[in-house]
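**Q** Can you read through this structure? Questions will come right after.
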Amino acid sequence: MTKNTLFIQAGGDGGYEADEKLVASLQKELGTDYKVHYPRLASDEDLPDFGWPQQIGKEIHSITGELTLVAHSLGASMLLKCLSENRFEKDIKGIFLMAAPFWSGDENWKQGLKLNQGFENKLPENVPLFLYHCRDDEEVPFSHLSIYRQKLPKATVRETESGGHQFNNDLSEVAEDIRSQ
């Protein structure tokens with residue numbers, strides 16, 4: 001039986017296209033036992049969270065059977081927002097977040113992106129959570145990983161010296177962790 005993986009893209013202009021290489025790497029590394037679903041998320045600039053948590057929720061609901069969740073950058077933070085603000089009756093095998101920004105500050109544009117206070121207590125229970133970040137990430141400061149490490153002490157954390165924001169388009173380590181679940 002095929003195992004389903006949902007990959008949530010990064011944001012910004014060209015985020016979907018840039019992450020296509022990550023998706024291709026993940027699918028190649030996982031092999032034919034896995035199907036990587038890669039929907040294009042639309043950004044509604046009129047909504048403070050761009051409408052991403054709602055779209056992610058619809059995608060999660062649309063896939064039947066067990067599900068692994070993988071997300072990159074803005075997609076990782078929006079997946080956390082979606083999972084901590086909604087309940088899903090799904091068999092989620094694992095959550096794998098790469099280069100997740102931790103939104104803070106008082107700027108108006110950030111308010112809809114921020115996680116709620118205590119979000120860490122509202123995530124699906126007993127689901128393995130993995131965090132990945134490259135020290136030379138040029139988009140999301142490496143220090144954001146430390147914040148998540150404090151908030152999510154049970155998460156498995158994978159630090160990489162190099163690979164930049166796009167992990168050198170190589171998700172072999174993520175695929176290995178997915179297969180181990």
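Following the order of the structure tokens, first chain is A, next is B, and so on, with residues numbered from 1 inside each chain and ligands from 1 in the order they appear.
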Mind dumping a table of every stretch 141-178 of chain A residue within 8 Å of stretch 102-111 of chain A, with the nearest atom pair and its distance in Å to one decimal, using only C-alpha atoms, sorted by chain and rising number, as a Markdown table?
**A**
| residue | atom | partner | partner_atom | distance |
| --- | --- | --- | --- | --- |
| A:His144 | CA | A:Phe102 | CA | 5.7 |
| A:Ile147 | CA | A:Phe102 | CA | 7.3 |
| A:Tyr148 | CA | A:Phe102 | CA | 7.5 |
**Q** Considering only strand (DSSP E) as DSSP defines it on the backbone, what residues of chain A qualify? List them as JSON, numbers by chain.
**A** {"A": [3, 4, 5, 6, 7, 8, 34, 35, 36, 37, 67, 68, 69, 70, 71, 72, 92, 93, 94, 95, 96, 97, 98, 129, 130, 131, 132, 133, 134, 156, 157, 158, 159, 160]}
**Q** Give me the residues near stretch 5-9 of chain A as number ranges by chain, where near means some atom within 6 Å (using only C-alpha atoms) and where sequence neighbours in that chain fewer than 6 positions away do not count.
**A** A: 16, 36-38, 67-72, 75
**Q** Looking at only C-alpha atoms, which of A:Leu115, A:Val140, A:Leu152, A:Ile95 is the one that sits closest to A:His165?
**A**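 Among A:Leu115, A:Val140, A:Leu152, A:Ile95, it is A:Val140 that comes nearest to A:His165.
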**Q** Apply DSSP to the structure's backbone, then extract all residues of stretch 50-118 of chain A labelled helix (DSSP H, G or I) and return them as an MDAnalysis selection string.
**A** chainID A and resid 52:62 74:85 108:110
**Q** Choose the residue, out of A:Asp13, A:Glu29, A:Glu20, A:Glu138, that has the smallest atom-to-atom separation from A:Val174; count only C-alpha atoms.
**A**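 Using only C-alpha atoms, A:Val174 sits closest to A:Glu29.
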**Q** Between A:His61, A:Arg149, A:Lys3, A:Lys81, which is the closest to A:Gln117 once you count only C-alpha atoms?
**A**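 For A:Gln117, the nearest of the candidates is A:Lys81.
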**Q** Find the distance between atom CA of A:Gly11 and atom CA of A:Leu26 and write it in Å to one decimal.
**A**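 Value for the atom CA of A:Gly11-atom CA of A:Leu26 distance: 18.7 Å.
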**Q** Quick one: pull the distance between atom CA of A:Phe119 and atom CA of A:Leu83, Å, one decimal.
**A**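 A separation of 8.9 Å between them.
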**Q** For A:Glu45, work out the shell of residues within 12 Å, counting only C-alpha atoms and skipping chain neighbours fewer than 3 positions away, then give it as a PyMOL selection string.
**A** chain A and resi 12+42+48-52+109+112
**Q** Go ahead and save the residues from that selection, with N, CA and C atoms, as a PDB file, in the first residue's frame.
**A**
ATOM      1  N   GLY A  12       6.651  33.182  -0.701  1.00  0.00           N
ATOM      2  CA  GLY A  12       7.369  34.133  -1.535  1.00  0.00           C
ATOM      3  C   GLY A  12       7.240  33.832  -3.017  1.00  0.00           C
ATOM      4  N   ALA A  42      -2.159  29.020  -2.775  1.00  0.00           N
ATOM      5  CA  ALA A  42      -2.344  30.387  -3.253  1.00  0.00           C
ATOM      6  C   ALA A  42      -2.263  31.331  -2.063  1.00  0.00           C
ATOM      7  N   PRO A  48      -4.502  37.873   6.933  1.00  0.00           N
ATOM      8  CA  PRO A  48      -3.252  38.029   7.689  1.00  0.00           C
ATOM      9  C   PRO A  48      -2.361  36.789   7.683  1.00  0.00           C
ATOM     10  N   ASP A  49      -2.923  35.614   7.403  1.00  0.00           N
ATOM     11  CA  ASP A  49      -2.125  34.384   7.319  1.00  0.00           C
ATOM     12  C   ASP A  49      -2.091  33.863   5.886  1.00  0.00           C
ATOM     13  N   PHE A  50      -2.447  34.717   4.937  1.00  0.00           N
ATOM     14  CA  PHE A  50      -2.475  34.416   3.498  1.00  0.00           C
ATOM     15  C   PHE A  50      -3.472  33.307   3.139  1.00  0.00           C
ATOM     16  N   GLY A  51      -4.235  32.836   4.125  1.00  0.00           N
ATOM     17  CA  GLY A  51      -5.184  31.748   3.884  1.00  0.00           C
ATOM     18  C   GLY A  51      -4.529  30.371   3.864  1.00  0.00           C
ATOM     19  N   TRP A  52      -3.267  30.307   4.211  1.00  0.00           N
ATOM     20  CA  TRP A  52      -2.541  29.028   4.133  1.00  0.00           C
ATOM     21  C   TRP A  52      -3.023  27.988   5.134  1.00  0.00           C
ATOM     22  N   TRP A 109       2.143  43.190   9.781  1.00  0.00           N
ATOM     23  CA  TRP A 109       2.119  42.121   8.786  1.00  0.00           C
ATOM     24  C   TRP A 109       2.448  40.756   9.386  1.00  0.00           C
ATOM     25  N   GLY A 112      -0.744  37.820  11.795  1.00  0.00           N
ATOM     26  CA  GLY A 112      -1.475  36.637  11.340  1.00  0.00           C
ATOM     27  C   GLY A 112      -0.600  35.407  11.156  1.00  0.00           C
TER      28      GLY A 112
END
**Q** Pick from A:Leu79, A:Leu22, A:Ile63, A:Ala155: nearest to A:Phe167, with only C-alpha atoms counted?
**A**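 Ranked by minimum distance to A:Phe167, first place goes to A:Leu22.
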**Q** Point out the residue among A:Lys35, A:Lys154, A:Lys114, A:His133 with the least atom-to-atom distance to A:Ser84, counting only C-alpha atoms.
**A** A:Lys114
**Q** Would you mind telling me which residue in A:Glu59, A:Asn126, A:Ile92, A:Lys21 lies nearest to A:Asp170 when using only C-alpha atoms?
**A** A:Lys21
**Q** Mind pulling up the distance from atom CA of A:Glu120 to atom CA of A:Asn4?
**A**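 It comes out at 24.6 Å.
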**Q** Leaving out A:Leu145 and any residue of its chain fewer than 4 positions from it, which residues lie within 9 Å of it when counting only C-alpha atoms, given as a list in words?
**A** Ala99, Ala100, Pro101, Phe102, Leu131, Tyr132, His133, Pro141, Arg149, Gln150, Val157 and Glu159 of chain A
